[in-house]
Amino acid sequence: MICLQMSHVSSYNIAVGLCSPLLCSALSDSPMGVGAVTTLHSRPLFAGVSPRRIPFPPTNGAFHFPLSFPSCPKLRSFSRTIRAVESSGQGNSDGSNHGKIFNSVNTLSLTKALSNFVVSNFLPIALISGVALGITNPTLGCIAHRYSLSTISTFGIFIITGLKLQGGEIGAVAEAWPALVFGLVSILLLSPFFSKIILQIQLAPQEFVTGLAIFSCMPTTLSSGVALTQLVCGNAALALAMTVMSNLLGILIVPFWISRFLANDFGASIPTEKLLWSLIFTLLVPLVLGKVLRSCFQGLATYVDQNRRIFSIASTILLSLTPWMQVSKSGALLLMVNPVVFLEAIGMGILGHIILLGFNAIALQSLSAIFGRESVFGKKENARALLVVSSQKALLIVVAVVEQLGGALGESGLLVLPCVAAHINQIIIDSFLVNFWLQKDRSSSKIRKS
């Protein structure tokens, strides 16, 4: 029981009476802890007093009023603190201390929620931040580009990818090899033909269209497709196999697609052989090096597996450096671009991904009808993995290709910018698709249980 001045009786009775169970939890979760509170001078509690209203003798002319609390040791410490503050003549400081504790708990909760949001959405946040920094302050990006930081960052990304690459899952996909073949054909041989359709569209600057055409020739994403497949309980082994093999083969195939579909239309001379060797040394060599390091040092492999989120964040930061440098280099041109035109380019990227999803969905339905519902194409987990992974395109390979082209197809920053938007939008769209599948699975599960 505690004593309160008359001016605070009604409000404090209500607040503490309603919130006393919550105070126990708040004190236990407070970063200060109970120990910090009980260091104040306090008088002993009136043990054994029954929990009813008992007036106390006035102190310093103030009328005091008793309040009862539930049995809670930490709350008793809190009551001792309030009594000590009141007896020392601090007036309203008891209420302010009470409020400070609740404010600290609310601040911690808000900070934790914000931190979780940033970690969960680190990729789009990092990419958008890189683009924004390149537009607002291009000087640093131009300096970084001058010292070939983009090549170093790309090399680092693929070393991290090799370090994270586990070989055990790839062997588990042997049963679904027809699905793997379809996925690779769709990613590397069929979807690049969409670039011919994209190039028929006219925008100013035309680099927006060219960038999206290059984007359609790329292999699948390095991580988001596998992550979404795992989230929806798809065949993660199949998704991983398609990711690894399409990116390895894509290093060899992408230069020829760009040379065939883009060089002729622009009258540009693309050094296909030079681009191929550049991609091998920039992408394939660090990927193999990372995998070799993982295989040779078991302790390193264990450390990487235990800290995959940290390595993913590091890889994302390195990925965001290249759009930052490319946009910084083309900052003056970007400021001259009509925002409406850029929105049209974003819409083109969204429409292109939806069309690719529809194309793969129709192809899978057709294969399932031909080979039967019990075939690898008819299994739900395989179909979901194929649809997600086969419809996504890798931003990282685009960035590496544009860097090596050296302006042969236009200004680098203008080529990369719509690809950044398309990359973010495809992840958002596929997240909605995954959520739809999860909701559908929950509804089916409820129907079966009933």
# chains A, B, ... in the order shown; residues from 1 in each chain; ligands from 1
call {"tool": "select_by_dssp", "arguments": {"residues": "stretch 150-314 of chain A", "states": "helix (DSSP H, G or I)", "output": "JSON, numbers by chain"}}
result
{"A": [150, 151, 152, 153, 154, 155, 156, 157, 158, 159, 160, 161, 162, 163, 164, 168, 169, 170, 171, 174, 175, 176, 177, 178, 179, 180, 181, 182, 183, 184, 185, 186, 187, 188, 189, 190, 191, 192, 193, 194, 195, 196, 197, 198, 207, 208, 209, 210, 211, 212, 213, 214, 215, 216, 224, 225, 226, 227, 228, 229, 230, 231, 236, 237, 238, 239, 240, 241, 242, 243, 244, 245, 246, 247, 248, 249, 250, 251, 252, 253, 254, 255, 256, 257, 258, 259, 260, 261, 262, 263, 264, 265, 266, 272, 273, 274, 275, 276, 277, 278, 279, 280, 281, 282, 283, 284, 285, 286, 287, 288, 289, 290, 291, 292, 293, 294, 295, 296, 298, 299, 300, 301, 302, 303, 304, 305, 306, 308, 309, 310, 311, 312, 313, 314]}
call {"tool": "residues_around", "arguments": {"residues": "A:Ala237", "least_positions_apart": "3", "cutoff": "12 Å", "atoms": "only C-alpha atoms", "output": "ChimeraX atom specification"}}
result
/A:166-177,179-180,225-227,229-230,233-234,240-244,381-382,385-386,389
call {"tool": "residues_around", "arguments": {"residues": "A:Ile350", "least_positions_apart": "3", "cutoff": "12 Å", "atoms": "only C-alpha atoms", "output": "VMD selection string"}}
result
chain A and resid 212 343 to 347 353 to 357 391 to 392 418 to 430
call {"tool": "atom_distance", "arguments": {"atom1": "atom CA of A:Gly141", "atom2": "atom CA of A:Leu127"}}
result
14.0 Å
call {"tool": "residues_around", "arguments": {"residues": "A:Ser330", "least_positions_apart": "4", "cutoff": "8 Å", "atoms": "only C-alpha atoms", "output": "ChimeraX atom specification"}}
result
/A:326,334,411-414
call {"tool": "closest_residue", "arguments": {"among": "A:Ile160, A:Leu114, A:Leu395, A:Val285", "to": "A:Arg309", "atoms": "only C-alpha atoms"}}
result
A:Ile160
call {"tool": "residues_around", "arguments": {"residues": "A:His145", "least_positions_apart": "5", "cutoff": "9 Å", "atoms": "only C-alpha atoms", "output": "PyMOL selection string"}}
result
chain A and resi 140+150+322+325-326+328-329
call {"tool": "write_last_selection", "arguments": {"atoms": "N, CA, C and O atoms", "output": "tab-separated table (two decimals), in the first residue's frame"}}
result
chain	number	residue	atom	x	y	z
A	140	LEU	N	30.27	11.34	-54.36
A	140	LEU	CA	30.89	10.16	-53.77
A	140	LEU	C	30.77	8.95	-54.69
A	140	LEU	O	31.71	8.16	-54.83
A	150	SER	N	32.80	-0.98	-58.09
A	150	SER	CA	31.72	-1.87	-58.53
A	150	SER	C	32.24	-3.27	-58.84
A	150	SER	O	31.59	-4.28	-58.52
A	322	THR	N	26.49	-0.78	-56.50
A	322	THR	CA	26.59	-0.58	-57.95
A	322	THR	C	25.48	0.33	-58.49
A	322	THR	O	25.79	1.27	-59.25
A	325	MET	N	26.49	3.83	-57.63
A	325	MET	CA	27.55	4.39	-58.48
A	325	MET	C	27.04	4.68	-59.89
A	325	MET	O	27.38	5.72	-60.48
A	326	GLN	N	26.23	3.78	-60.43
A	326	GLN	CA	25.72	3.98	-61.79
A	326	GLN	C	24.79	5.20	-61.85
A	326	GLN	O	24.86	6.00	-62.79
A	328	SER	N	24.80	7.70	-59.72
A	328	SER	CA	25.62	8.89	-59.47
A	328	SER	C	26.28	9.37	-60.75
A	328	SER	O	26.33	10.58	-61.02
A	329	LYS	N	26.76	8.43	-61.53
A	329	LYS	CA	27.44	8.78	-62.78
A	329	LYS	C	26.49	9.41	-63.79
A	329	LYS	O	26.89	10.26	-64.60
call {"tool": "residues_around", "arguments": {"residues": "A:Ala314", "least_positions_apart": "2", "cutoff": "12 Å", "atoms": "only C-alpha atoms", "output": "PyMOL selection string"}}
result
chain A and resi 119+122-123+126+153-154+156-161+307-312+316-321
call {"tool": "write_last_selection", "arguments": {"atoms": "C-alpha atoms", "output": "PDB file, in the first residue's frame"}}
result
ATOM      1  CA  VAL A 119      15.802  -6.611 -41.527  1.00  0.00           C
ATOM      2  CA  PHE A 122      16.542  -4.842 -46.200  1.00  0.00           C
ATOM      3  CA  LEU A 123      16.925  -5.536 -49.929  1.00  0.00           C
ATOM      4  CA  ALA A 126      19.144  -0.786 -49.523  1.00  0.00           C
ATOM      5  CA  SER A 153      31.695  -5.302 -54.779  1.00  0.00           C
ATOM      6  CA  THR A 154      30.505  -7.776 -57.444  1.00  0.00           C
ATOM      7  CA  GLY A 156      32.622  -9.900 -52.996  1.00  0.00           C
ATOM      8  CA  ILE A 157      28.965 -10.734 -53.590  1.00  0.00           C
ATOM      9  CA  PHE A 158      29.801 -13.932 -55.448  1.00  0.00           C
ATOM     10  CA  ILE A 159      32.394 -15.005 -52.877  1.00  0.00           C
ATOM     11  CA  ILE A 160      29.629 -14.716 -50.269  1.00  0.00           C
ATOM     12  CA  THR A 161      27.268 -16.630 -52.580  1.00  0.00           C
ATOM     13  CA  ASN A 307      25.343 -16.278 -39.524  1.00  0.00           C
ATOM     14  CA  ARG A 308      23.538 -16.502 -42.855  1.00  0.00           C
ATOM     15  CA  ARG A 309      21.492 -13.388 -42.144  1.00  0.00           C
ATOM     16  CA  ILE A 310      24.638 -11.313 -41.556  1.00  0.00           C
ATOM     17  CA  PHE A 311      26.178 -12.560 -44.804  1.00  0.00           C
ATOM     18  CA  SER A 312      22.923 -11.865 -46.655  1.00  0.00           C
ATOM     19  CA  THR A 316      22.773  -6.803 -50.146  1.00  0.00           C
ATOM     20  CA  ILE A 317      24.890  -3.810 -49.129  1.00  0.00           C
ATOM     21  CA  LEU A 318      27.475  -4.727 -51.762  1.00  0.00           C
ATOM     22  CA  LEU A 319      24.700  -5.126 -54.339  1.00  0.00           C
ATOM     23  CA  SER A 320      23.297  -1.672 -53.575  1.00  0.00           C
ATOM     24  CA  LEU A 321      26.708  -0.065 -54.183  1.00  0.00           C
TER      25      LEU A 321
END
